[in-house]
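Everything below belongs to run.tsv, which stores TSV, C-alpha atoms.
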```
chain	number	residue	atom	x	y	z
W	710	MET	CA	2.83	27.62	-5.71
W	711	LEU	CA	3.07	23.97	-4.74
W	712	GLY	CA	6.28	23.54	-2.73
W	713	ARG	CA	9.27	21.45	-3.66
W	714	LEU	CA	8.81	17.75	-2.93
W	715	ASN	CA	11.46	17.39	-0.25
W	716	HIS	CA	11.04	13.64	0.08
W	717	VAL	CA	8.81	10.61	-0.16
W	718	GLY	CA	8.57	8.83	3.19
W	719	ILE	CA	8.71	5.06	2.94
W	720	ALA	CA	8.05	2.88	5.98
W	721	THR	CA	10.14	-0.25	6.28
W	722	PRO	CA	10.60	-2.96	8.89
W	723	SER	CA	14.35	-2.74	8.21
W	724	ILE	CA	16.26	0.29	6.98
W	725	ALA	CA	19.31	-1.92	6.47
W	726	ARG	CA	17.40	-4.24	4.16
W	727	SER	CA	15.78	-1.36	2.27
W	728	ILE	CA	19.18	0.25	1.70
W	729	GLU	CA	20.38	-3.00	0.14
W	730	THR	CA	17.30	-3.08	-2.10
W	731	TYR	CA	17.73	0.50	-3.34
W	732	LYS	CA	21.45	-0.06	-3.90
W	733	THR	CA	21.18	-3.37	-5.68
W	734	LEU	CA	18.01	-2.95	-7.73
W	735	LEU	CA	17.91	0.80	-8.38
W	736	GLY	CA	21.58	1.70	-8.22
W	737	ALA	CA	21.25	4.16	-5.32
W	738	ASP	CA	24.70	5.37	-4.29
W	739	VAL	CA	24.14	8.51	-2.24
W	740	ILE	CA	22.85	7.10	1.01
W	741	GLY	CA	22.95	8.93	4.32
W	742	VAL	CA	23.84	7.42	7.66
W	743	PRO	CA	20.71	6.16	9.43
W	744	PHE	CA	19.90	8.05	12.61
W	745	ASP	CA	17.37	7.93	15.44
W	746	LEU	CA	14.62	10.44	16.07
W	747	PRO	CA	13.40	9.08	19.42
W	748	ALA	CA	11.11	12.08	20.00
W	749	GLN	CA	9.23	11.04	16.86
W	750	GLY	CA	9.56	7.32	17.52
W	751	VAL	CA	11.41	6.57	14.30
W	752	LYS	CA	14.80	5.77	12.83
W	753	VAL	CA	15.35	7.41	9.46
W	754	CYS	CA	17.73	7.25	6.54
W	755	PHE	CA	17.77	9.47	3.47
W	756	ILE	CA	18.59	8.17	0.00
W	757	ASP	CA	19.27	10.82	-2.62
W	758	ALA	CA	17.70	10.85	-6.04
W	759	PRO	CA	19.00	13.63	-8.30
W	760	ASN	CA	15.99	15.84	-7.61
W	761	THR	CA	14.58	14.73	-4.24
W	762	GLN	CA	15.05	12.18	-1.50
W	763	ILE	CA	13.59	8.93	-0.28
W	764	GLU	CA	13.20	8.89	3.50
W	765	LEU	CA	13.29	5.36	4.85
W	766	ILE	CA	11.49	5.17	8.19
W	767	GLU	CA	11.75	2.29	10.64
W	768	PRO	CA	9.93	2.15	13.99
W	769	TYR	CA	12.11	3.23	16.91
W	770	ASP	CA	10.08	1.08	19.29
W	771	ASP	CA	6.65	-0.55	19.61
W	772	ALA	CA	5.06	2.81	20.48
W	773	SER	CA	6.27	4.23	17.16
W	774	PRO	CA	3.65	6.10	15.15
W	775	ILE	CA	4.54	3.90	12.18
W	776	ALA	CA	4.15	0.61	14.05
W	777	GLY	CA	0.47	0.53	13.12
W	778	PHE	CA	1.26	1.22	9.46
W	779	LEU	CA	3.67	-1.72	9.39
W	780	LYS	CA	1.15	-3.97	11.06
W	781	LYS	CA	-1.18	-3.29	8.14
W	782	ASN	CA	1.70	-3.35	5.60
W	783	PRO	CA	4.27	-5.76	7.00
W	784	ALA	CA	6.57	-5.46	3.98
W	785	GLY	CA	6.56	-1.66	4.24
W	786	GLY	CA	5.16	0.87	1.82
W	787	GLN	CA	4.68	4.52	0.89
W	788	HIS	CA	3.92	6.41	4.09
W	789	HIS	CA	3.86	10.14	3.30
W	790	VAL	CA	4.95	12.87	0.90
W	791	CYS	CA	6.70	15.98	2.19
W	792	PHE	CA	6.37	19.37	0.53
W	793	GLU	CA	8.48	22.37	1.50
W	794	VAL	CA	6.85	25.60	2.67
W	795	PRO	CA	8.66	28.91	3.23
W	796	ASP	CA	7.13	29.48	6.70
W	797	ILE	CA	5.59	26.66	8.71
W	798	HIS	CA	3.50	28.88	10.97
W	799	ALA	CA	2.02	30.75	8.02
W	800	ALA	CA	1.32	27.44	6.26
W	801	VAL	CA	-0.40	25.98	9.32
W	802	ALA	CA	-2.52	29.12	9.83
W	803	ASP	CA	-3.49	29.12	6.16
W	804	MET	CA	-4.46	25.45	6.11
W	805	LYS	CA	-6.41	25.71	9.36
W	806	ALA	CA	-8.27	28.73	7.98
W	807	LYS	CA	-9.24	26.56	5.03
W	808	GLY	CA	-10.58	23.85	7.33
W	809	ALA	CA	-7.74	21.34	7.21
W	810	THR	CA	-6.77	19.35	10.29
W	811	ILE	CA	-3.14	19.76	11.30
W	812	LEU	CA	-1.79	16.92	13.42
W	813	GLY	CA	-0.13	18.51	16.44
W	814	GLU	CA	2.10	21.54	16.71
W	815	PRO	CA	5.15	22.25	14.53
W	816	ARG	CA	8.11	20.21	15.71
W	817	THR	CA	11.64	19.65	14.52
W	818	GLY	CA	11.84	17.17	11.67
W	819	ALA	CA	14.56	14.94	10.29
W	820	HIS	CA	16.18	17.82	8.42
W	821	GLY	CA	16.28	20.06	11.48
W	822	THR	CA	13.54	22.45	10.37
W	823	PRO	CA	9.97	22.60	11.71
W	824	ILE	CA	7.44	20.18	10.26
W	825	VAL	CA	3.80	19.26	10.67
W	826	PHE	CA	1.55	16.61	9.21
W	827	VAL	CA	-1.81	17.25	7.59
W	828	HIS	CA	-4.60	14.75	8.19
W	829	PRO	CA	-4.96	12.35	5.23
W	830	ARG	CA	-8.72	12.88	5.14
W	831	ASP	CA	-8.06	16.45	3.97
W	832	MET	CA	-5.63	15.32	1.29
W	833	GLY	CA	-7.39	12.50	-0.56
W	834	GLY	CA	-6.08	9.76	1.70
W	835	VAL	CA	-2.46	10.92	1.44
W	836	LEU	CA	-0.50	11.75	4.57
W	837	VAL	CA	1.19	15.06	3.74
W	838	GLU	CA	4.11	16.49	5.69
W	839	LEU	CA	4.85	20.19	5.43
W	840	MET	CA	8.44	21.14	6.14
W	841	GLU	CA	9.98	24.56	6.39
W	842	THR	CA	12.52	24.82	3.59
W	843	PRO	CA	16.01	24.14	4.92
W	844	GLN	CA	18.48	26.98	4.48
W	845	GLU	CA	20.77	26.86	1.48
W	846	GLY	CA	23.50	24.30	1.99
W	847	ALA	CA	21.66	22.40	4.70
W	848	HIS	CA	19.78	19.24	3.86
Z	564	MET	CA	22.90	6.07	-9.67
Z	565	LEU	CA	19.32	6.21	-8.52
Z	566	GLY	CA	17.26	7.83	-11.26
Z	567	ARG	CA	15.37	11.08	-11.05
Z	568	LEU	CA	12.01	10.77	-9.30
Z	569	ASN	CA	9.78	11.57	-12.25
Z	570	HIS	CA	6.57	11.52	-10.22
Z	571	VAL	CA	4.63	10.19	-7.30
Z	572	GLY	CA	1.48	8.38	-8.43
Z	573	ILE	CA	-1.57	9.11	-6.32
Z	574	ALA	CA	-4.81	7.21	-6.82
Z	575	THR	CA	-8.02	9.17	-6.42
Z	576	PRO	CA	-11.72	8.51	-6.91
Z	577	SER	CA	-11.96	11.96	-8.51
Z	578	ILE	CA	-9.19	13.83	-10.31
Z	579	ALA	CA	-11.40	16.93	-10.33
Z	580	ARG	CA	-11.74	16.87	-6.56
Z	581	SER	CA	-8.04	16.18	-6.03
Z	582	ILE	CA	-7.10	19.11	-8.27
Z	583	GLU	CA	-9.25	21.36	-6.08
Z	584	THR	CA	-7.53	20.02	-2.96
Z	585	TYR	CA	-4.00	20.58	-4.30
Z	586	LYS	CA	-4.94	24.05	-5.54
Z	587	THR	CA	-6.73	25.20	-2.42
Z	588	LEU	CA	-4.67	23.64	0.35
Z	589	LEU	CA	-1.20	23.41	-1.18
Z	590	GLY	CA	-1.29	26.27	-3.67
Z	591	ALA	CA	-0.66	24.13	-6.75
Z	592	ASP	CA	-0.90	26.29	-9.86
Z	593	VAL	CA	0.75	24.32	-12.64
Z	594	ILE	CA	-1.81	21.68	-13.39
Z	595	GLY	CA	-2.01	19.73	-16.62
Z	596	VAL	CA	-5.16	18.87	-18.50
Z	597	PRO	CA	-6.47	15.46	-17.39
Z	598	PHE	CA	-6.36	12.84	-20.12
Z	599	ASP	CA	-7.40	9.22	-20.63
Z	600	LEU	CA	-5.06	6.28	-21.00
Z	601	PRO	CA	-7.66	3.64	-21.87
Z	602	ALA	CA	-4.99	1.03	-22.69
Z	603	GLN	CA	-3.86	1.30	-19.07
Z	604	GLY	CA	-7.35	1.67	-17.67
Z	605	VAL	CA	-6.72	5.05	-16.09
Z	606	LYS	CA	-7.33	8.76	-16.43
Z	607	VAL	CA	-4.35	10.83	-15.35
Z	608	CYS	CA	-3.46	14.42	-14.53
Z	609	PHE	CA	-0.05	15.83	-13.69
Z	610	ILE	CA	0.48	18.54	-11.10
Z	611	ASP	CA	3.90	20.19	-11.13
Z	612	ALA	CA	6.02	20.71	-8.06
Z	613	PRO	CA	9.20	22.69	-8.74
Z	614	ASN	CA	11.32	19.52	-8.84
Z	615	THR	CA	8.97	16.66	-9.76
Z	616	GLN	CA	5.33	15.90	-10.44
Z	617	ILE	CA	2.30	14.43	-8.75
Z	618	GLU	CA	0.40	12.08	-11.05
Z	619	LEU	CA	-3.26	11.87	-10.11
Z	620	ILE	CA	-4.77	8.59	-11.29
Z	621	GLU	CA	-8.48	7.86	-11.52
Z	622	PRO	CA	-9.94	4.56	-12.74
Z	623	TYR	CA	-11.01	4.64	-16.40
Z	624	ASP	CA	-13.60	1.94	-15.77
Z	625	ASP	CA	-14.40	-0.88	-13.34
Z	626	ALA	CA	-11.73	-3.09	-14.89
Z	627	SER	CA	-9.09	-0.47	-14.09
Z	628	PRO	CA	-5.94	-1.80	-12.41
Z	629	ILE	CA	-6.43	0.79	-9.69
Z	630	ALA	CA	-10.06	-0.11	-8.97
Z	631	GLY	CA	-8.86	-2.67	-6.41
Z	632	PHE	CA	-6.58	-0.12	-4.77
Z	633	LEU	CA	-9.48	2.31	-4.36
Z	634	LYS	CA	-11.70	-0.43	-2.97
Z	635	LYS	CA	-9.14	-0.85	-0.18
Z	636	ASN	CA	-8.50	2.91	0.05
Z	637	PRO	CA	-11.78	4.62	-0.90
Z	638	ALA	CA	-10.43	8.12	-0.23
Z	639	GLY	CA	-7.40	7.48	-2.44
Z	640	GLY	CA	-3.76	7.29	-1.47
Z	641	GLN	CA	-0.17	6.93	-2.61
Z	642	HIS	CA	-0.06	4.34	-5.35
Z	643	HIS	CA	3.48	4.27	-6.79
Z	644	VAL	CA	6.76	6.12	-7.23
Z	645	CYS	CA	8.33	6.49	-10.66
Z	646	PHE	CA	12.08	6.67	-11.22
Z	647	GLU	CA	13.63	7.53	-14.57
Z	648	VAL	CA	16.06	5.15	-16.26
Z	649	PRO	CA	18.15	5.93	-19.34
Z	650	ASP	CA	17.17	2.71	-21.16
Z	651	ILE	CA	14.09	0.71	-20.20
Z	652	HIS	CA	15.23	-2.54	-21.84
Z	653	ALA	CA	18.61	-2.41	-20.10
Z	654	ALA	CA	16.90	-1.63	-16.79
Z	655	VAL	CA	14.47	-4.53	-17.18
Z	656	ALA	CA	17.26	-6.96	-18.11
Z	657	ASP	CA	19.35	-5.80	-15.16
Z	658	MET	CA	16.52	-6.12	-12.65
Z	659	LYS	CA	15.47	-9.51	-13.96
Z	660	ALA	CA	19.08	-10.72	-13.71
Z	661	LYS	CA	19.00	-9.67	-10.06
Z	662	GLY	CA	15.84	-11.67	-9.44
Z	663	ALA	CA	13.21	-8.93	-9.48
Z	664	THR	CA	9.77	-9.53	-10.97
Z	665	ILE	CA	8.84	-7.11	-13.72
Z	666	LEU	CA	5.12	-6.77	-14.31
Z	667	GLY	CA	4.52	-7.22	-18.01
Z	668	GLU	CA	6.45	-5.88	-20.98
Z	669	PRO	CA	7.54	-2.27	-21.48
Z	670	ARG	CA	4.61	-0.18	-22.70
Z	671	THR	CA	4.03	3.48	-23.40
Z	672	GLY	CA	3.39	5.50	-20.26
Z	673	ALA	CA	1.67	8.78	-19.54
Z	674	HIS	CA	4.71	10.78	-20.69
Z	675	GLY	CA	4.98	8.90	-23.98
Z	676	THR	CA	8.11	6.94	-23.13
Z	677	PRO	CA	8.29	3.23	-22.27
Z	678	ILE	CA	7.53	2.22	-18.69
Z	679	VAL	CA	7.30	-0.93	-16.60
Z	680	PHE	CA	6.32	-1.67	-13.04
Z	681	VAL	CA	8.39	-3.68	-10.58
Z	682	HIS	CA	6.56	-6.01	-8.19
Z	683	PRO	CA	6.16	-4.40	-4.76
Z	684	ARG	CA	7.43	-7.54	-3.04
Z	685	ASP	CA	10.87	-6.83	-4.51
Z	686	MET	CA	10.81	-3.21	-3.37
Z	687	GLY	CA	9.77	-3.30	0.28
Z	688	GLY	CA	6.05	-3.10	-0.42
Z	689	VAL	CA	6.40	-0.09	-2.73
Z	690	LEU	CA	5.07	-0.26	-6.28
Z	691	VAL	CA	7.91	1.17	-8.37
Z	692	GLU	CA	7.49	2.37	-11.94
Z	693	LEU	CA	10.55	2.66	-14.15
Z	694	MET	CA	10.22	5.15	-16.98
Z	695	GLU	CA	12.63	5.86	-19.78
Z	696	THR	CA	13.77	9.47	-19.36
Z	697	PRO	CA	11.79	11.75	-21.66
Z	698	GLN	CA	13.86	13.67	-24.18
Z	699	GLU	CA	14.84	17.21	-23.26
Z	700	GLY	CA	11.89	19.54	-23.65
Z	701	ALA	CA	9.30	16.79	-23.43
Z	702	HIS	CA	7.55	16.09	-20.18
```
For this file, write the structure as structure tokens.
Amino acid sequence: MLGRLNHVGIATPSIARSIETYKTLLGADVIGVPFDLPAQGVKVCFIDAPNTQIELIEPYDDASPIAGFLKKNPAGGQHHVCFEVPDIHAAVADMKAKGATILGEPRTGAHGTPIVFVHPRDMGGVLVELMETPQEGAH
Amino acid sequence: MLGRLNHVGIATPSIARSIETYKTLLGADVIGVPFDLPAQGVKVCFIDAPNTQIELIEPYDDASPIAGFLKKNPAGGQHHVCFEVPDIHAAVADMKAKGATILGEPRTGAHGTPIVFVHPRDMGGVLVELMETPQEGAH
């Protein structure tokens, strides 16, 4: 079964400005506190929709993995989609067995559970994050 | 309140190939029958996640509005995100009053309810579709 869409990752040059946009134009009112993920080179902020989340991602520094994306898309844009999987190691093994390229080893993501990214060339040009489903009650 | 994320729109040169990818690599098993929307210049197919949908979009012909997107992204890629609104005309009036550019007039979307697109320059580089919430039981 396709996993739950945990979030859509949206790169932005300014989380603060994007928050204003989502508030003003789309009426977003459940907005997390932005926080840094220096190990991943990004600052992130989650905006809740009733059924999923938008993850705003801003570069932490010039070495950020999304710096290149923003160079190509200075205004920002859709960066990745994240599907939940019950077990990240099983998911990685399964995808590798099917010939997909997994970018790096599982690491702790913005929701505190292990994540990996799948190479866009395996997924029709879409950068796909797999994230181990957070436990009930956690985000 | 930010509306429900109805779907993530993903452009692809081949819906058939993308269906195979989502089935094989991500285990998707609730996959609609692809259908044509000639008025919008696209063929579409919905894949269900437990909480939202992926909308695969393939050009209907060379004049398709997504032909240009695929020229820039031949493998495909994330094209838009679609949020539900209770009333499309109220949403359009509200966004226009706040200075946003709405692309065209409301028209019937893939789920049979009225939709519009908001210019990406108003939404941090993200093409946002607004879709009137389908009635209970409809998709």
Write out as a Markdown table the residues of chain W that have any atom within 6 Å of an atom of chain Z, one row each with the nearest atom pair and its distance in Å to one decimal, counting all atoms listed in the file, sorted by chain and then rising number.
```
| residue | atom | partner | partner_atom | distance |
| --- | --- | --- | --- | --- |
| W:Met710 | CA | Z:Gly590 | CA | 4.8 |
| W:Leu711 | CA | Z:Ala591 | CA | 4.2 |
| W:Arg713 | CA | Z:Pro613 | CA | 5.2 |
| W:Leu735 | CA | Z:Leu565 | CA | 5.6 |
| W:Gly736 | CA | Z:Met564 | CA | 4.8 |
| W:Ala737 | CA | Z:Leu565 | CA | 4.3 |
| W:Asp738 | CA | Z:Met564 | CA | 5.7 |
| W:Ala758 | CA | Z:Leu565 | CA | 5.5 |
| W:Pro759 | CA | Z:Arg567 | CA | 5.2 |
| W:Asn760 | CA | Z:Arg567 | CA | 5.9 |
| W:Ala784 | CA | Z:Gly688 | CA | 5.0 |
| W:Gly785 | CA | Z:Gly688 | CA | 4.9 |
| W:Gly786 | CA | Z:Gly688 | CA | 4.6 |
| W:Gly833 | CA | Z:Ala638 | CA | 5.3 |
| W:Gly834 | CA | Z:Gly640 | CA | 4.6 |
| W:Val835 | CA | Z:Gly640 | CA | 4.8 |
```
Saved selection, atoms kept: C-alpha atoms, as a PDB file, in the frame of the given file:
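Produced file selection39.pdb, reproduced below:
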```
ATOM      1  CA  MET W 710       2.830  27.620  -5.710  1.00  0.00           C
ATOM      2  CA  LEU W 711       3.070  23.970  -4.740  1.00  0.00           C
ATOM      3  CA  ARG W 713       9.270  21.450  -3.660  1.00  0.00           C
ATOM      4  CA  LEU W 735      17.910   0.800  -8.380  1.00  0.00           C
ATOM      5  CA  GLY W 736      21.580   1.700  -8.220  1.00  0.00           C
ATOM      6  CA  ALA W 737      21.250   4.160  -5.320  1.00  0.00           C
ATOM      7  CA  ASP W 738      24.700   5.370  -4.290  1.00  0.00           C
ATOM      8  CA  ALA W 758      17.700  10.850  -6.040  1.00  0.00           C
ATOM      9  CA  PRO W 759      19.000  13.630  -8.300  1.00  0.00           C
ATOM     10  CA  ASN W 760      15.990  15.840  -7.610  1.00  0.00           C
ATOM     11  CA  ALA W 784       6.570  -5.460   3.980  1.00  0.00           C
ATOM     12  CA  GLY W 785       6.560  -1.660   4.240  1.00  0.00           C
ATOM     13  CA  GLY W 786       5.160   0.870   1.820  1.00  0.00           C
ATOM     14  CA  GLY W 833      -7.390  12.500  -0.560  1.00  0.00           C
ATOM     15  CA  GLY W 834      -6.080   9.760   1.700  1.00  0.00           C
ATOM     16  CA  VAL W 835      -2.460  10.920   1.440  1.00  0.00           C
TER      17      VAL W 835
END
```
Give me the residues within 7 Å of range 768-780 of chain W as a list in words, counting only C-alpha atoms and dropping any in the same chain fewer than 6 places off.
Pro747, Gly750, Val751 and Lys752 of chain W
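Between CA of Pro843 in chain W and CA of Glu793 in chain W the interatomic distance comes to 8.5 Å.
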Here CA of Pro795 in chain W and CA of Gln749 in chain W stand apart by 22.5 Å
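With CA of Thr842 in chain W on one side and CA of Ile594 in chain Z on the other, the separation reads 22.4 Å.
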Pick out the closest residue to Val753 in chain W from this set: W:Cys791, W:Ala799, W:Glu814, W:Ala819. Count all atoms listed in the file.
W:Ala819
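For Phe680 in chain Z, the non-local neighbours within 6 Å, defined as residues at least 3 positions apart in the same chain or in other chains and counting only C-alpha atoms, are Leu666, Val691 and Glu692 of chain Z.
With distances taken over all atoms listed in the file, W:Gly818 is the one residue among W:His798, W:Gly818, W:Glu841, W:Val825 lying closest to Glu764 in chain W.
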Once all heavy atoms are restored for range 727-738 of chain W, what would the output be as an mmCIF file, in the frame of the given file?
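To be explicit, this is the file written out as part_19.cif:
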```cif
data_model
loop_
_atom_site.group_PDB
_atom_site.id
_atom_site.type_symbol
_atom_site.label_atom_id
_atom_site.label_comp_id
_atom_site.auth_asym_id
_atom_site.auth_seq_id
_atom_site.Cartn_x
_atom_site.Cartn_y
_atom_site.Cartn_z
ATOM 1 N N SER W 727 16.232 -2.276 3.335
ATOM 2 C CA SER W 727 15.780 -1.360 2.270
ATOM 3 C C SER W 727 16.959 -0.703 1.570
ATOM 4 O O SER W 727 16.937 -0.515 0.351
ATOM 5 C CB SER W 727 14.840 -0.303 2.846
ATOM 6 O OG SER W 727 13.600 -0.881 3.183
ATOM 7 N N ILE W 728 17.982 -0.339 2.324
ATOM 8 C CA ILE W 728 19.180 0.250 1.700
ATOM 9 C C ILE W 728 19.752 -0.728 0.674
ATOM 10 O O ILE W 728 20.072 -0.351 -0.458
ATOM 11 C CB ILE W 728 20.241 0.610 2.770
ATOM 12 C CG1 ILE W 728 19.786 1.833 3.577
ATOM 13 C CG2 ILE W 728 21.597 0.880 2.120
ATOM 14 C CD1 ILE W 728 20.722 2.196 4.738
ATOM 15 N N GLU W 729 19.856 -1.987 1.064
ATOM 16 C CA GLU W 729 20.380 -3.000 0.140
ATOM 17 C C GLU W 729 19.528 -3.054 -1.134
ATOM 18 O O GLU W 729 20.060 -3.134 -2.252
ATOM 19 C CB GLU W 729 20.397 -4.381 0.816
ATOM 20 C CG GLU W 729 21.645 -4.663 1.611
ATOM 21 C CD GLU W 729 22.911 -4.269 0.837
ATOM 22 O OE1 GLU W 729 23.187 -4.821 -0.261
ATOM 23 O OE2 GLU W 729 23.619 -3.369 1.346
ATOM 24 N N THR W 730 18.209 -3.020 -0.954
ATOM 25 C CA THR W 730 17.300 -3.080 -2.100
ATOM 26 C C THR W 730 17.520 -1.896 -3.041
ATOM 27 O O THR W 730 17.632 -2.077 -4.265
ATOM 28 C CB THR W 730 15.835 -3.066 -1.608
ATOM 29 O OG1 THR W 730 15.632 -4.216 -0.789
ATOM 30 C CG2 THR W 730 14.856 -3.079 -2.765
ATOM 31 N N TYR W 731 17.571 -0.692 -2.494
ATOM 32 C CA TYR W 731 17.730 0.500 -3.340
ATOM 33 C C TYR W 731 19.100 0.520 -4.010
ATOM 34 O O TYR W 731 19.222 0.993 -5.144
ATOM 35 C CB TYR W 731 17.458 1.789 -2.531
ATOM 36 C CG TYR W 731 15.980 2.052 -2.400
ATOM 37 C CD1 TYR W 731 15.220 1.408 -1.426
ATOM 38 C CD2 TYR W 731 15.307 2.885 -3.291
ATOM 39 C CE1 TYR W 731 13.849 1.606 -1.324
ATOM 40 C CE2 TYR W 731 13.935 3.097 -3.194
ATOM 41 C CZ TYR W 731 13.222 2.453 -2.209
ATOM 42 O OH TYR W 731 11.860 2.643 -2.129
ATOM 43 N N LYS W 732 20.103 0.023 -3.300
ATOM 44 C CA LYS W 732 21.450 -0.060 -3.900
ATOM 45 C C LYS W 732 21.467 -1.064 -5.051
ATOM 46 O O LYS W 732 21.874 -0.765 -6.171
ATOM 47 C CB LYS W 732 22.444 -0.578 -2.844
ATOM 48 C CG LYS W 732 23.194 0.476 -2.073
ATOM 49 C CD LYS W 732 24.281 -0.255 -1.272
ATOM 50 C CE LYS W 732 24.937 0.658 -0.274
ATOM 51 N NZ LYS W 732 25.801 -0.096 0.666
ATOM 52 N N THR W 733 21.020 -2.265 -4.740
ATOM 53 C CA THR W 733 21.180 -3.370 -5.680
ATOM 54 C C THR W 733 20.260 -3.212 -6.879
ATOM 55 O O THR W 733 20.696 -3.354 -8.027
ATOM 56 C CB THR W 733 20.830 -4.706 -4.972
ATOM 57 O OG1 THR W 733 21.583 -4.776 -3.764
ATOM 58 C CG2 THR W 733 21.146 -5.891 -5.865
ATOM 59 N N LEU W 734 18.977 -2.932 -6.623
ATOM 60 C CA LEU W 734 18.010 -2.950 -7.730
ATOM 61 C C LEU W 734 17.926 -1.611 -8.455
ATOM 62 O O LEU W 734 17.699 -1.569 -9.653
ATOM 63 C CB LEU W 734 16.634 -3.365 -7.222
ATOM 64 C CG LEU W 734 16.497 -4.832 -6.814
ATOM 65 C CD1 LEU W 734 15.053 -5.138 -6.432
ATOM 66 C CD2 LEU W 734 16.938 -5.774 -7.936
ATOM 67 N N LEU W 735 18.102 -0.510 -7.731
ATOM 68 C CA LEU W 735 17.910 0.800 -8.380
ATOM 69 C C LEU W 735 19.197 1.600 -8.499
ATOM 70 O O LEU W 735 19.190 2.723 -9.001
ATOM 71 C CB LEU W 735 16.853 1.617 -7.616
ATOM 72 C CG LEU W 735 15.426 1.050 -7.630
ATOM 73 C CD1 LEU W 735 14.493 1.959 -6.852
ATOM 74 C CD2 LEU W 735 14.907 0.883 -9.066
ATOM 75 N N GLY W 736 20.299 1.021 -8.014
ATOM 76 C CA GLY W 736 21.580 1.700 -8.220
ATOM 77 C C GLY W 736 21.816 2.898 -7.322
ATOM 78 O O GLY W 736 22.698 3.726 -7.593
ATOM 79 N N ALA W 737 21.049 3.014 -6.232
ATOM 80 C CA ALA W 737 21.250 4.160 -5.320
ATOM 81 C C ALA W 737 22.669 4.146 -4.780
ATOM 82 O O ALA W 737 23.187 3.097 -4.383
ATOM 83 C CB ALA W 737 20.249 4.097 -4.172
ATOM 84 N N ASP W 738 23.322 5.315 -4.801
ATOM 85 C CA ASP W 738 24.700 5.370 -4.290
ATOM 86 C C ASP W 738 24.976 6.576 -3.404
ATOM 87 O O ASP W 738 26.089 6.715 -2.898
ATOM 88 C CB ASP W 738 25.711 5.299 -5.452
ATOM 89 C CG ASP W 738 25.453 6.371 -6.501
ATOM 90 O OD1 ASP W 738 24.548 7.200 -6.309
ATOM 91 O OD2 ASP W 738 26.148 6.377 -7.525
#
```
